[in-house]
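Q: Just one file: run-v3.csv, with CSV, N, CA and C atoms.
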```csv
chain,number,residue,atom,x,y,z
A,19,MET,N,0.2,-23.3,-10.6
A,19,MET,CA,-0.2,-21.9,-11.0
A,19,MET,C,-1.5,-21.6,-10.1
A,20,PHE,N,-1.6,-20.4,-9.7
A,20,PHE,CA,-2.7,-19.9,-8.8
A,20,PHE,C,-3.4,-18.8,-9.5
A,21,ARG,N,-4.7,-18.7,-9.3
A,21,ARG,CA,-5.5,-17.6,-9.9
A,21,ARG,C,-6.1,-16.8,-8.7
A,22,PHE,N,-5.9,-15.5,-8.8
A,22,PHE,CA,-6.5,-14.6,-7.9
A,22,PHE,C,-7.7,-13.9,-8.6
A,23,GLU,N,-8.8,-13.9,-7.9
A,23,GLU,CA,-10.0,-13.2,-8.4
A,23,GLU,C,-10.7,-12.4,-7.4
A,24,ARG,N,-11.1,-11.3,-7.8
A,24,ARG,CA,-11.9,-10.4,-6.9
A,24,ARG,C,-13.1,-9.9,-7.6
A,25,ARG,N,-14.2,-9.9,-6.9
A,25,ARG,CA,-15.5,-9.5,-7.6
A,25,ARG,C,-16.1,-8.3,-6.8
A,26,ALA,N,-16.8,-7.4,-7.6
A,26,ALA,CA,-17.5,-6.3,-6.9
A,26,ALA,C,-18.8,-6.1,-7.7
A,27,ALA,N,-19.8,-5.8,-7.0
A,27,ALA,CA,-21.1,-5.5,-7.6
A,27,ALA,C,-21.3,-4.0,-7.7
A,28,SER,N,-21.9,-3.6,-8.8
A,28,SER,CA,-22.2,-2.2,-8.9
A,28,SER,C,-23.7,-2.0,-9.0
A,29,THR,N,-24.1,-0.8,-8.7
A,29,THR,CA,-25.5,-0.4,-8.7
A,29,THR,C,-25.9,-0.1,-10.2
A,30,ARG,N,-27.1,-0.2,-10.5
A,30,ARG,CA,-27.5,-0.1,-11.9
A,30,ARG,C,-27.2,1.3,-12.5
A,31,GLY,N,-27.4,2.3,-11.8
A,31,GLY,CA,-27.1,3.6,-12.4
A,31,GLY,C,-25.6,4.0,-12.5
A,32,ARG,N,-24.8,3.3,-11.8
A,32,ARG,CA,-23.4,3.6,-11.7
A,32,ARG,C,-22.5,2.5,-12.4
A,33,HIS,N,-23.1,1.6,-13.2
A,33,HIS,CA,-22.4,0.5,-13.8
A,33,HIS,C,-21.3,1.0,-14.8
A,34,ALA,N,-21.6,1.9,-15.6
A,34,ALA,CA,-20.6,2.4,-16.6
A,34,ALA,C,-19.4,3.0,-15.9
A,35,ALA,N,-19.7,3.8,-14.9
A,35,ALA,CA,-18.5,4.4,-14.1
A,35,ALA,C,-17.7,3.4,-13.4
A,36,ALA,N,-18.4,2.3,-12.9
A,36,ALA,CA,-17.7,1.3,-12.2
A,36,ALA,C,-16.8,0.5,-13.1
A,37,VAL,N,-17.3,0.2,-14.4
A,37,VAL,CA,-16.5,-0.5,-15.4
A,37,VAL,C,-15.3,0.3,-15.7
A,38,GLN,N,-15.4,1.6,-15.9
A,38,GLN,CA,-14.3,2.5,-16.3
A,38,GLN,C,-13.3,2.5,-15.1
A,39,PHE,N,-13.8,2.6,-13.9
A,39,PHE,CA,-12.9,2.6,-12.7
A,39,PHE,C,-12.1,1.2,-12.7
A,40,ALA,N,-12.8,0.1,-12.9
A,40,ALA,CA,-12.2,-1.2,-12.9
A,40,ALA,C,-11.1,-1.3,-13.9
A,41,ALA,N,-11.3,-0.8,-15.1
A,41,ALA,CA,-10.3,-0.8,-16.2
A,41,ALA,C,-9.1,0.1,-15.8
A,42,GLU,N,-9.3,1.3,-15.2
A,42,GLU,CA,-8.2,2.1,-14.8
A,42,GLU,C,-7.4,1.5,-13.7
A,43,VAL,N,-8.1,0.8,-12.7
A,43,VAL,CA,-7.3,0.2,-11.6
A,43,VAL,C,-6.5,-0.9,-12.2
A,44,SER,N,-7.0,-1.8,-13.0
A,44,SER,CA,-6.2,-2.9,-13.6
A,44,SER,C,-5.1,-2.4,-14.4
A,45,SER,N,-5.3,-1.3,-15.2
A,45,SER,CA,-4.2,-0.7,-16.0
A,45,SER,C,-3.1,-0.2,-15.1
A,46,TYR,N,-3.4,0.5,-14.0
A,46,TYR,CA,-2.4,1.0,-13.1
A,46,TYR,C,-1.6,-0.1,-12.5
A,47,LEU,N,-2.3,-1.2,-12.0
A,47,LEU,CA,-1.6,-2.3,-11.3
A,47,LEU,C,-0.8,-3.0,-12.3
A,48,ASN,N,-1.2,-3.2,-13.5
A,48,ASN,CA,-0.4,-3.9,-14.6
A,48,ASN,C,0.9,-3.1,-14.9
A,49,LYS,N,0.8,-1.8,-15.0
A,49,LYS,CA,2.0,-1.0,-15.2
A,49,LYS,C,2.9,-0.9,-14.0
A,50,ARG,N,2.3,-0.7,-12.9
A,50,ARG,CA,3.1,-0.5,-11.7
A,50,ARG,C,3.8,-1.8,-11.1
A,51,HIS,N,3.1,-2.9,-11.3
A,51,HIS,CA,3.6,-4.1,-10.6
A,51,HIS,C,3.8,-5.3,-11.6
A,52,SER,N,3.8,-5.0,-12.9
A,52,SER,CA,4.0,-5.9,-14.0
A,52,SER,C,3.1,-7.2,-13.9
A,53,LEU,N,1.8,-6.9,-13.7
A,53,LEU,CA,0.8,-8.0,-13.6
A,53,LEU,C,0.2,-8.1,-15.0
A,54,ASN,N,-0.5,-9.2,-15.2
A,54,ASN,CA,-1.3,-9.4,-16.3
A,54,ASN,C,-2.8,-9.5,-15.9
A,55,MET,N,-3.2,-8.5,-15.2
A,55,MET,CA,-4.6,-8.5,-14.6
A,55,MET,C,-5.6,-8.2,-15.7
A,56,LYS,N,-6.7,-8.9,-15.7
A,56,LYS,CA,-7.8,-8.7,-16.6
A,56,LYS,C,-9.0,-8.3,-15.9
A,57,VAL,N,-9.9,-7.7,-16.6
A,57,VAL,CA,-11.2,-7.2,-16.1
A,57,VAL,C,-12.3,-7.9,-16.9
A,58,GLY,N,-13.3,-8.4,-16.2
A,58,GLY,CA,-14.4,-9.0,-16.9
A,58,GLY,C,-15.7,-8.5,-16.3
A,59,VAL,N,-16.8,-8.4,-17.1
A,59,VAL,CA,-18.1,-7.9,-16.6
A,59,VAL,C,-19.1,-8.9,-17.0
A,60,GLU,N,-20.0,-9.3,-16.1
A,60,GLU,CA,-21.1,-10.2,-16.3
A,60,GLU,C,-22.1,-9.4,-17.2
A,61,LEU,N,-22.6,-10.0,-18.2
A,61,LEU,CA,-23.5,-9.3,-19.1
A,61,LEU,C,-25.0,-9.4,-18.7
A,62,PHE,N,-25.3,-10.4,-18.0
A,62,PHE,CA,-26.7,-10.6,-17.6
A,62,PHE,C,-26.8,-10.7,-16.1
A,63,GLY,N,-27.9,-10.4,-15.5
A,63,GLY,CA,-28.1,-10.5,-14.1
A,63,GLY,C,-27.6,-9.2,-13.4
A,64,THR,N,-26.9,-9.4,-12.3
A,64,THR,CA,-26.3,-8.3,-11.5
A,64,THR,C,-25.1,-7.7,-12.2
A,65,GLY,N,-24.8,-6.4,-12.0
A,65,GLY,CA,-23.7,-5.7,-12.5
A,65,GLY,C,-22.4,-6.1,-11.8
A,66,THR,N,-21.9,-7.3,-12.0
A,66,THR,CA,-20.7,-7.8,-11.3
A,66,THR,C,-19.5,-7.6,-12.2
A,67,ILE,N,-18.4,-7.1,-11.6
A,67,ILE,CA,-17.2,-6.8,-12.3
A,67,ILE,C,-16.2,-7.8,-11.6
A,68,HIS,N,-15.3,-8.4,-12.5
A,68,HIS,CA,-14.3,-9.4,-12.0
A,68,HIS,C,-12.9,-8.9,-12.4
A,69,TRP,N,-12.0,-8.9,-11.4
A,69,TRP,CA,-10.6,-8.7,-11.7
A,69,TRP,C,-9.9,-10.1,-11.4
A,70,TYR,N,-9.0,-10.5,-12.3
A,70,TYR,CA,-8.3,-11.7,-12.1
A,70,TYR,C,-6.9,-11.7,-12.7
A,71,TYR,N,-6.0,-12.4,-12.2
A,71,TYR,CA,-4.7,-12.6,-12.7
A,71,TYR,C,-4.1,-13.9,-12.2
A,72,ASP,N,-3.1,-14.5,-12.9
A,72,ASP,CA,-2.5,-15.7,-12.5
A,72,ASP,C,-1.1,-15.5,-11.9
A,73,LEU,N,-0.8,-16.3,-10.9
A,73,LEU,CA,0.5,-16.2,-10.3
A,73,LEU,C,1.2,-17.6,-10.4
A,74,GLU,N,2.5,-17.6,-10.4
A,74,GLU,CA,3.3,-18.9,-10.5
A,74,GLU,C,3.3,-19.5,-9.1
A,75,SER,N,3.4,-18.8,-8.1
A,75,SER,CA,3.5,-19.3,-6.7
A,75,SER,C,2.8,-18.5,-5.7
A,76,LEU,N,2.6,-19.0,-4.5
A,76,LEU,CA,2.0,-18.2,-3.5
A,76,LEU,C,3.0,-17.3,-2.9
A,77,ASP,N,4.3,-17.6,-3.0
A,77,ASP,CA,5.3,-16.6,-2.6
A,77,ASP,C,5.2,-15.3,-3.3
A,78,LYS,N,4.9,-15.4,-4.6
A,78,LYS,CA,4.8,-14.1,-5.4
A,78,LYS,C,3.5,-13.3,-4.9
A,79,SER,N,2.5,-14.0,-4.5
A,79,SER,CA,1.3,-13.4,-4.0
A,79,SER,C,1.6,-12.6,-2.7
A,80,VAL,N,2.4,-13.3,-1.8
A,80,VAL,CA,2.8,-12.7,-0.5
A,80,VAL,C,3.6,-11.4,-0.8
A,81,GLN,N,4.6,-11.5,-1.7
A,81,GLN,CA,5.5,-10.4,-2.1
A,81,GLN,C,4.6,-9.3,-2.7
A,82,LEU,N,3.7,-9.6,-3.6
A,82,LEU,CA,2.9,-8.5,-4.2
A,82,LEU,C,2.0,-7.8,-3.1
A,83,ASN,N,1.5,-8.6,-2.2
A,83,ASN,CA,0.7,-8.0,-1.1
A,83,ASN,C,1.5,-7.1,-0.2
A,84,ALA,N,2.7,-7.5,0.1
A,84,ALA,CA,3.6,-6.6,0.9
A,84,ALA,C,3.9,-5.3,0.1
A,85,THR,N,4.1,-5.4,-1.2
A,85,THR,CA,4.4,-4.2,-2.0
A,85,THR,C,3.2,-3.3,-2.1
A,86,LEU,N,2.0,-3.9,-2.2
A,86,LEU,CA,0.8,-3.1,-2.3
A,86,LEU,C,0.5,-2.4,-0.9
A,87,LEU,N,0.8,-3.0,0.2
A,87,LEU,CA,0.7,-2.4,1.5
A,87,LEU,C,1.7,-1.3,1.6
A,88,GLN,N,2.9,-1.4,1.1
A,88,GLN,CA,3.8,-0.3,1.2
A,88,GLN,C,3.4,0.9,0.4
A,89,ASP,N,2.8,0.6,-0.8
A,89,ASP,CA,2.3,1.7,-1.7
A,89,ASP,C,1.2,2.4,-1.0
A,90,ARG,N,0.3,1.7,-0.3
A,90,ARG,CA,-0.8,2.3,0.4
A,90,ARG,C,-0.3,3.2,1.5
A,91,GLU,N,0.8,2.9,2.2
A,91,GLU,CA,1.3,3.7,3.2
A,91,GLU,C,1.8,5.0,2.7
A,92,LEU,N,2.3,5.0,1.4
A,92,LEU,CA,2.8,6.2,0.8
A,92,LEU,C,1.7,7.2,0.4
A,93,LEU,N,0.5,6.8,0.4
A,93,LEU,CA,-0.6,7.7,0.0
A,93,LEU,C,-0.9,8.6,1.1
```
Now, as a test, write the supplied structure out as structure tokens.
A:
Amino acid sequence: MFRFERRAASTRGRHAAAVQFAAEVSSYLNKRHSLNMKVGVELFGTGTIHWYYDLESLDKSVQLNATLLQDRELL
């Protein structure tokens, strides 16, 4: 099993909007690509947001990446 994690730091005045955006992005990706992505927020220190999900194999990661790149080209 493999875990993908991505982090982003938000500025102090924009943290609430960044958390809302993170939740919307993960909701969209979960619906569109059948992921079980979760969002976490660090409570102390910097305003860091974490996205993470588990994959069974690296092949699924490559396949998801190709699909996301195709979706990007449609925009």
Q: Restricting the calculation to only C-alpha atoms: of A:Leu73, A:Ala26, A:Leu87, A:Val80, which residue gets closest to Asn54 (chain A)?
A: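 Closest residue, counting only C-alpha atoms: A:Leu73.
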Q: Show which residues sit within 8 Å of region 55-63 of chain A, as a list of chain:residue names. Count only N, CA and C atoms, and ignore same-chain residues fewer than 2 positions away.
A: A:Val37, A:Ala40, A:Ala41, A:Ser44, A:Ser45, A:Leu47, A:Asn48, A:Lys49, A:Ser52, A:Leu53, A:Gly65, A:Thr66, A:Ile67, A:His68, A:Trp69, A:Tyr70, A:Tyr71, A:Asp72
Q: Pick out each residue of chain A that DSSP on the backbone tags as alpha helix (DSSP H); I need them as number ranges by chain.
A: A: 33-51, 76-92
Q: Please compute the atom C of Arg24 (chain A)-atom C of Gln88 (chain A) distance, one decimal, in Å.
A: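 Result for atom C of Arg24 (chain A) versus atom C of Gln88 (chain A): 21.3 Å, one decimal.
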Q: What does the distance between atom C of Arg50 (chain A) and atom C of Ala35 (chain A) come to in Å, to one decimal place?
A: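 That distance, rounded to one decimal, is 22.2 Å.
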Q: Please measure the separation of CA of Glu42 (chain A) and CA of Asn83 (chain A), giving the value in Å to one decimal.
A: 19.2 Å
